[in-house]
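*Asks:* Okay, so here is work-v7.tsv, and as you'll see once you scroll down, it has TSV, C-alpha atoms.
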```tsv
chain	number	residue	atom	x	y	z
T	1	MET	CA	0.73	44.67	-12.17
T	2	VAL	CA	4.52	44.90	-11.92
T	3	GLN	CA	6.27	41.81	-13.25
T	4	THR	CA	9.81	40.47	-13.15
T	5	GLU	CA	11.86	39.65	-16.21
T	6	ASP	CA	10.56	36.11	-16.23
T	7	GLY	CA	6.96	37.23	-16.03
T	8	SER	CA	6.36	36.24	-12.42
T	9	THR	CA	4.88	38.47	-9.77
T	10	PRO	CA	7.54	40.06	-7.57
T	11	ILE	CA	7.51	39.07	-3.95
T	12	ALA	CA	9.22	40.78	-1.06
T	13	SER	CA	11.47	38.18	0.51
T	14	GLY	CA	11.61	37.55	4.22
T	15	SER	CA	9.13	40.28	5.06
T	16	ARG	CA	6.14	39.71	7.25
T	17	CYS	CA	4.51	42.79	5.74
T	18	ASN	CA	5.26	42.06	2.09
T	19	ASN	CA	5.28	45.77	1.44
T	20	SER	CA	5.99	45.60	-2.27
T	21	VAL	CA	2.92	43.42	-2.77
T	22	ILE	CA	0.81	45.68	-0.60
T	23	ASP	CA	1.95	48.69	-2.63
T	24	ASP	CA	1.25	46.81	-5.82
T	25	VAL	CA	-2.23	45.84	-4.75
T	26	TYR	CA	-2.89	49.33	-3.49
T	27	LYS	CA	-1.99	50.78	-6.86
T	28	ASP	CA	-4.13	48.29	-8.73
T	29	THR	CA	-7.16	48.33	-6.51
T	30	GLY	CA	-6.96	51.48	-4.52
T	31	SER	CA	-10.73	51.62	-4.29
T	32	LEU	CA	-10.77	48.53	-2.09
T	33	PHE	CA	-8.60	50.26	0.44
T	34	GLU	CA	-10.22	53.67	0.37
T	35	GLU	CA	-13.01	54.64	2.65
T	36	PRO	CA	-16.19	53.33	1.02
T	37	SER	CA	-18.94	55.77	0.23
T	38	ALA	CA	-22.09	55.87	2.34
T	39	MET	CA	-23.98	54.20	-0.52
T	40	THR	CA	-21.70	51.17	-0.54
T	41	THR	CA	-20.67	50.91	3.10
T	42	GLY	CA	-23.06	48.05	3.93
T	43	THR	CA	-22.06	45.98	0.91
T	44	TYR	CA	-18.34	46.60	1.48
T	45	VAL	CA	-18.45	45.63	5.15
T	46	ASP	CA	-20.53	42.56	4.38
T	47	GLU	CA	-18.16	41.46	1.60
T	48	LYS	CA	-15.12	42.05	3.76
T	49	GLU	CA	-16.63	40.02	6.58
T	50	ARG	CA	-17.57	37.14	4.26
T	51	PHE	CA	-14.03	37.11	2.90
T	52	ARG	CA	-12.62	37.15	6.40
T	53	THR	CA	-14.83	34.20	7.39
T	54	LEU	CA	-13.77	32.18	4.35
T	55	ALA	CA	-10.08	32.99	4.77
T	56	THR	CA	-10.02	32.31	8.51
T	57	LEU	CA	-11.58	28.87	8.06
T	58	GLN	CA	-9.11	28.03	5.30
T	59	LEU	CA	-5.95	29.27	7.05
T	60	PRO	CA	-4.81	25.84	8.36
T	61	ARG	CA	-5.25	24.22	4.94
T	62	LEU	CA	-3.63	27.12	3.09
T	63	TYR	CA	-0.66	27.07	5.43
T	64	ALA	CA	-0.29	23.29	5.09
T	65	ILE	CA	-0.29	23.44	1.28
T	66	SER	CA	2.07	26.39	1.32
T	67	ARG	CA	4.55	24.65	3.66
T	68	ARG	CA	4.79	21.72	1.28
T	69	LEU	CA	5.17	23.88	-1.81
T	70	VAL	CA	7.51	26.66	-0.66
T	71	GLY	CA	8.83	25.50	2.72
T	72	ASP	CA	9.93	28.31	5.02
T	73	ASP	CA	8.34	30.94	2.79
T	74	ALA	CA	4.90	29.51	3.61
T	75	GLU	CA	3.67	32.38	5.74
T	76	ASP	CA	4.66	35.05	3.22
T	77	ALA	CA	3.01	33.05	0.44
T	78	VAL	CA	-0.24	32.80	2.44
T	79	GLN	CA	-0.19	36.56	3.04
T	80	ASP	CA	0.31	37.18	-0.66
T	81	CYS	CA	-2.55	34.79	-1.39
T	82	LEU	CA	-4.85	36.61	1.04
T	83	LEU	CA	-4.11	39.92	-0.66
T	84	ARG	CA	-4.74	38.57	-4.15
T	85	ALA	CA	-7.88	36.73	-3.04
T	86	PHE	CA	-9.30	39.77	-1.25
T	87	ARG	CA	-8.72	41.86	-4.36
T	88	LYS	CA	-10.63	39.34	-6.50
T	89	PHE	CA	-13.27	38.29	-3.98
T	90	SER	CA	-16.07	40.30	-5.62
T	91	GLN	CA	-15.51	38.21	-8.78
T	92	LEU	CA	-16.28	34.96	-6.95
T	93	GLU	CA	-19.83	34.16	-8.05
T	94	ASP	CA	-20.38	30.93	-6.10
T	95	GLU	CA	-19.05	31.29	-2.58
T	96	SER	CA	-19.50	27.56	-1.92
T	97	ALA	CA	-16.54	27.19	-4.31
T	98	GLY	CA	-14.53	29.56	-2.08
T	99	PRO	CA	-12.20	26.94	-0.51
T	100	ALA	CA	-11.10	25.55	-3.91
T	101	TRP	CA	-10.91	29.07	-5.34
T	102	ILE	CA	-8.63	30.45	-2.62
T	103	ALA	CA	-6.48	27.30	-2.71
T	104	SER	CA	-5.99	27.74	-6.45
T	105	ILE	CA	-4.84	31.34	-5.85
T	106	LEU	CA	-2.35	30.12	-3.24
T	107	ILE	CA	-0.97	27.45	-5.57
T	108	ASN	CA	-0.32	30.05	-8.25
T	109	VAL	CA	1.31	32.34	-5.70
T	110	CYS	CA	3.60	29.47	-4.69
T	111	ARG	CA	4.41	28.70	-8.33
T	112	ASP	CA	5.26	32.34	-8.94
T	113	ARG	CA	7.54	32.34	-5.90
T	114	GLY	CA	9.24	29.18	-7.19
T	115	ARG	CA	9.85	30.76	-10.57
T	116	TYR	CA	11.01	33.98	-8.97
T	117	LYS	CA	13.61	32.22	-6.89
T	118	ALA	CA	14.72	29.59	-9.37
T	119	ARG	CA	15.81	31.57	-12.38
T	120	HIS	CA	17.88	28.56	-13.32
T	121	PRO	CA	15.63	25.61	-12.54
T	122	GLU	CA	17.32	22.43	-11.40
T	123	GLU	CA	18.16	20.18	-14.30
T	124	VAL	CA	17.09	16.63	-13.55
T	125	SER	CA	17.87	13.63	-15.68
T	126	LEU	CA	14.88	11.35	-15.50
T	127	ASP	CA	16.38	8.50	-17.51
T	128	ASP	CA	17.65	6.57	-14.52
T	129	VAL	CA	14.74	7.69	-12.34
T	130	GLU	CA	12.28	6.10	-14.75
T	131	GLU	CA	13.82	2.70	-14.12
T	132	PHE	CA	14.18	3.19	-10.36
T	133	SER	CA	12.04	1.14	-8.01
T	134	LEU	CA	12.22	1.95	-4.31
T	135	TYR	CA	10.52	-1.35	-3.50
T	136	ARG	CA	13.16	-3.36	-5.35
T	137	THR	CA	16.03	-1.24	-4.11
T	138	ILE	CA	15.01	-1.82	-0.49
T	139	ALA	CA	14.57	-5.54	-1.14
T	140	ASP	CA	17.92	-5.84	-2.93
T	141	GLU	CA	19.97	-3.68	-0.55
T	142	ASP	CA	18.25	-5.06	2.57
T	143	PRO	CA	19.19	-2.18	4.91
T	144	PHE	CA	17.53	-3.82	7.94
T	145	PRO	CA	18.64	-7.49	7.81
T	146	TYR	CA	16.72	-8.51	10.93
T	147	SER	CA	13.44	-6.91	9.91
T	148	ASP	CA	10.33	-8.93	9.11
T	149	SER	CA	8.72	-5.92	7.47
T	150	LEU	CA	11.58	-4.34	5.60
T	151	HIS	CA	9.60	-1.90	3.45
T	152	LEU	CA	7.38	-0.64	6.24
T	153	ASP	CA	10.37	-0.23	8.52
T	154	PHE	CA	12.00	1.87	5.84
T	155	LEU	CA	8.97	4.18	5.59
T	156	HIS	CA	8.69	4.44	9.37
T	157	GLN	CA	12.18	5.94	9.54
T	158	PHE	CA	10.79	9.11	7.99
T	159	THR	CA	9.42	11.83	10.23
T	160	ARG	CA	7.08	14.51	8.93
T	161	GLU	CA	10.07	16.85	8.65
T	162	ASP	CA	12.03	14.28	6.66
T	163	VAL	CA	9.16	13.94	4.17
T	164	HIS	CA	8.97	17.70	3.99
T	165	HIS	CA	12.69	17.88	3.24
T	166	VAL	CA	12.44	15.28	0.47
T	167	LEU	CA	9.45	17.03	-1.11
T	168	LEU	CA	11.25	20.35	-1.20
T	169	SER	CA	14.16	18.72	-3.03
T	170	LEU	CA	11.89	17.93	-5.99
T	171	PRO	CA	11.73	20.40	-8.88
T	172	GLU	CA	8.56	22.46	-8.68
T	173	ILE	CA	6.98	21.01	-11.82
T	174	TYR	CA	6.92	17.59	-10.15
T	175	ARG	CA	6.38	18.71	-6.56
T	176	VAL	CA	3.18	20.65	-7.26
T	177	PRO	CA	1.10	17.81	-8.76
T	178	LEU	CA	2.52	15.27	-6.29
T	179	VAL	CA	1.62	17.38	-3.27
T	180	LEU	CA	-1.79	18.44	-4.54
T	181	VAL	CA	-2.96	14.99	-5.61
T	182	HIS	CA	-1.41	12.73	-2.99
T	183	MET	CA	-1.36	14.98	0.06
T	184	ASP	CA	-4.15	17.49	-0.45
T	185	GLY	CA	-6.69	15.33	-2.26
T	186	PHE	CA	-7.04	17.38	-5.46
T	187	ALA	CA	-8.29	15.54	-8.56
T	188	THR	CA	-5.83	15.48	-11.46
T	189	LYS	CA	-8.34	17.40	-13.63
T	190	GLU	CA	-8.54	20.08	-10.97
T	191	VAL	CA	-4.75	20.38	-10.87
T	192	ALA	CA	-4.69	20.68	-14.67
T	193	ARG	CA	-7.17	23.56	-14.45
T	194	ILE	CA	-5.28	25.35	-11.66
T	195	ILE	CA	-1.85	25.17	-13.28
T	196	GLU	CA	-3.32	25.64	-16.76
T	197	ALA	CA	-1.70	22.55	-18.24
T	198	PRO	CA	-3.19	19.71	-20.29
T	199	LEU	CA	-4.36	16.71	-18.25
T	200	GLY	CA	-1.81	14.48	-20.02
T	201	THR	CA	0.99	16.80	-18.89
T	202	VAL	CA	-0.21	16.65	-15.29
T	203	LEU	CA	-0.41	12.84	-15.40
T	204	ALA	CA	3.10	12.59	-16.87
T	205	ARG	CA	4.52	14.97	-14.24
T	206	LEU	CA	2.72	13.07	-11.51
T	207	HIS	CA	4.22	9.80	-12.71
T	208	ARG	CA	7.73	11.26	-12.86
T	209	GLY	CA	7.21	13.07	-9.58
T	210	ARG	CA	6.38	9.79	-7.82
T	211	LYS	CA	9.43	8.08	-9.29
T	212	LEU	CA	11.64	11.01	-8.37
T	213	PHE	CA	10.17	11.12	-4.86
T	214	GLU	CA	11.04	7.42	-4.41
T	215	ARG	CA	14.58	8.04	-5.64
T	216	LYS	CA	15.02	11.08	-3.39
T	217	MET	CA	13.67	9.13	-0.39
T	218	TRP	CA	16.32	6.49	-0.89
T	219	ASP	CA	19.08	9.07	-1.33
T	220	TYR	CA	17.90	11.02	1.72
T	221	ALA	CA	17.76	7.88	3.85
T	222	GLY	CA	21.37	7.09	2.98
T	223	GLU	CA	22.65	10.65	3.43
T	224	SER	CA	20.91	11.22	6.75
T	225	GLY	CA	22.04	7.97	8.32
T	226	MET	CA	18.63	6.34	8.50
T	227	LEU	CA	19.93	3.11	7.07
T	228	LYS	CA	21.80	0.97	9.53
T	229	GLU	CA	24.06	-0.18	6.75
T	230	VAL	CA	24.44	2.77	4.41
T	231	VAL	CA	24.58	1.63	0.83
T	232	SER	CA	25.40	3.61	-2.30
E	1	MET	CA	2.64	-10.90	-21.48
E	2	ILE	CA	4.37	-7.66	-20.49
E	3	SER	CA	7.74	-7.55	-18.76
E	4	CYS	CA	8.35	-6.49	-15.15
E	5	SER	CA	9.87	-3.27	-16.43
E	6	GLN	CA	6.76	-2.48	-18.45
E	7	ALA	CA	4.49	-3.41	-15.57
E	8	THR	CA	6.45	-1.37	-13.02
E	9	LYS	CA	6.04	1.79	-15.07
E	10	GLN	CA	2.26	1.49	-14.79
E	11	LEU	CA	1.78	0.17	-11.26
E	12	TRP	CA	1.13	3.53	-9.60
E	13	ASP	CA	-1.45	4.34	-12.26
E	14	TYR	CA	-2.91	0.86	-11.72
E	15	VAL	CA	-3.18	1.50	-7.98
E	16	GLU	CA	-4.78	4.88	-8.69
E	17	GLY	CA	-7.33	3.22	-11.00
E	18	ALA	CA	-6.02	5.41	-13.81
E	19	VAL	CA	-5.53	2.67	-16.43
E	20	ASP	CA	-8.27	1.58	-18.81
E	21	GLY	CA	-9.90	-1.85	-18.80
E	22	ALA	CA	-7.74	-3.45	-21.48
E	23	GLN	CA	-4.50	-2.21	-19.94
E	24	ARG	CA	-5.73	-3.23	-16.50
E	25	ARG	CA	-6.23	-6.82	-17.71
E	26	VAL	CA	-2.71	-6.85	-19.19
E	27	ILE	CA	-1.24	-5.70	-15.86
E	28	GLU	CA	-3.31	-8.18	-13.87
E	29	GLU	CA	-2.20	-10.99	-16.17
E	30	HIS	CA	1.39	-10.09	-15.30
E	31	LEU	CA	0.60	-9.77	-11.58
E	32	SER	CA	-0.97	-13.25	-11.58
E	33	VAL	CA	2.43	-14.78	-12.31
E	34	CYS	CA	4.85	-12.26	-10.78
E	35	ARG	CA	5.17	-12.21	-7.03
E	36	ARG	CA	7.68	-9.38	-7.06
E	37	CYS	CA	5.41	-7.01	-8.97
E	38	CYS	CA	2.62	-7.89	-6.53
E	39	GLY	CA	4.99	-6.62	-3.86
E	40	GLU	CA	5.47	-3.45	-5.92
E	41	VAL	CA	1.70	-2.92	-5.94
E	42	GLU	CA	1.42	-3.41	-2.18
E	43	PHE	CA	4.30	-1.00	-1.61
E	44	ALA	CA	2.78	1.59	-3.96
E	45	GLU	CA	-0.40	1.40	-1.87
E	46	GLU	CA	1.62	1.79	1.34
E	47	LEU	CA	3.50	4.76	-0.08
E	48	ARG	CA	0.24	6.35	-1.22
E	49	GLY	CA	-1.15	6.05	2.30
E	50	PHE	CA	2.13	7.28	3.73
E	51	LEU	CA	1.99	10.46	1.64
E	52	ALA	CA	-1.64	11.12	2.58
E	53	ALA	CA	-0.84	10.57	6.26
E	54	HIS	CA	1.99	13.08	6.09
E	55	GLY	CA	-0.28	15.68	4.54
E	56	ASP	CA	-1.29	17.41	7.77
E	57	THR	CA	0.80	20.33	8.89
E	58	ASP	CA	-0.19	22.15	12.05
E	59	LEU	CA	-0.71	25.87	11.84
E	60	PRO	CA	1.55	27.21	14.62
E	61	GLU	CA	-0.32	29.48	17.02
E	62	GLU	CA	2.03	32.43	16.46
E	63	VAL	CA	1.60	32.14	12.67
E	64	LYS	CA	-2.17	31.93	13.10
E	65	VAL	CA	-2.15	35.11	15.18
E	66	ARG	CA	-0.04	36.96	12.61
E	67	LEU	CA	-2.16	35.83	9.66
E	68	THR	CA	-5.40	36.66	11.48
E	69	SER	CA	-4.20	40.16	12.30
E	70	PHE	CA	-3.05	40.49	8.68
E	71	LEU	CA	-6.61	39.63	7.61
E	72	ASP	CA	-7.99	42.21	10.03
E	73	GLU	CA	-5.88	44.89	8.37
E	74	LEU	CA	-7.18	44.21	4.87
```
Would you encode the structure as structure tokens?

*Replies:*
Amino acid sequence: MVQTEDGSTPIASGSRCNNSVIDDVYKDTGSLFEEPSAMTTGTYVDEKERFRTLATLQLPRLYAISRRLVGDDAEDAVQDCLLRAFRKFSQLEDESAGPAWIASILINVCRDRGRYKARHPEEVSLDDVEEFSLYRTIADEDPFPYSDSLHLDFLHQFTREDVHHVLLSLPEIYRVPLVLVHMDGFATKEVARIIEAPLGTVLARLHRGRKLFERKMWDYAGESGMLKEVVS
Amino acid sequence: MISCSQATKQLWDYVEGAVDGAQRRVIEEHLSVCRRCCGEVEFAEELRGFLAAHGDTDLPEEVKVRLTSFLDEL
């Protein structure tokens, strides 16, 4: 497998075909792409069809996760995931675990893409974020003076695209656990297994990710003119 | 009795049910006398639901077609 200087898997950017990945996979697992022998034709076709069934059913979920993790690169990331998953499909012993298995491959693809793009990850000071409370900030700043449900009105200002924008502004190490746990219903233990981090690390990142998300929501609301009286 | 600052740091975990029994009692003792932190808890629950509700992303038809044909070519 070809790797970049930082150890991540190289991805062709902006390409629907992802040719570099295809070439890479072809080199690694040429036998999967060659004409199967007469002895193995039945097994190969059956395996390919079972993979296709699994992948087709999971496409909406894979695309949704991918959108939240890598934004506009979602489609390329899903393609890369499909290639990697197809290559490893014969190793999947329990096909009832297929949905979680293919999702975990996608998440690692997205993480690789994040590392590939962000050679200089965003430095974030969490000191002030730790003390930040969106609830108290809204109450103190009172952006909608005539509202009877100030906090709910604040949340209702956000469209799906706004939430998407805020999520993508979070550093990947916080975005991944936040998205997987709170939007895709993964258990924290499952996230720890997928990203190969201790459970305590995942819980700490989740906590900071939530605080940072609150802070970024407030900043975004001010910058995008959602607040009737913009406050600093 | 813990302070508001100490309680606030744990409220999401409290909402998630991710604090142990002893710590849970400490937080609830604070909540029993602090109206503002009760508001924090309610808002954390709202925000949790808000995130879950914004989890769905439609798979655009043209993307579905491209990904399906990509699968066919594997």

*Asks:* Residues within 12 Å of Cys38 (chain E), please, as a PyMOL selection string. Count only C-alpha atoms; anything in the same chain fewer than 2 positions from it doesn't count.

*Replies:* (chain T and resi 135-136) or (chain E and resi 4+7-8+11-12+14-15+27-36+40-45)

*Asks:* Pick out the chain E residues within 10 Å of chain T. Count all atoms listed in the file. Give them as a ChimeraX atom specification.

*Replies:* /E:5-6,8-10,12-13,18,36-37,39-44,46-60,63-64,66-68,70-74

*Asks:* Distance CA of Glu141 (chain T)-CA of Ala221 (chain T), one decimal place?

*Replies:*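 Atom-to-atom, CA of Glu141 (chain T) to CA of Ala221 (chain T), that is 12.6 Å.
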
*Asks:* Just to confirm, what's the straight-line distance from CA of Gly222 (chain T) to CA of Leu150 (chain T) in Å (one decimal)?

*Replies:*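 According to the coordinates, CA of Gly222 (chain T) and CA of Leu150 (chain T) are separated by 15.3 Å.
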
*Asks:* By how many Å are CA of Leu69 (chain T) and CA of Ile105 (chain T) apart?

*Replies:* 13.1 Å
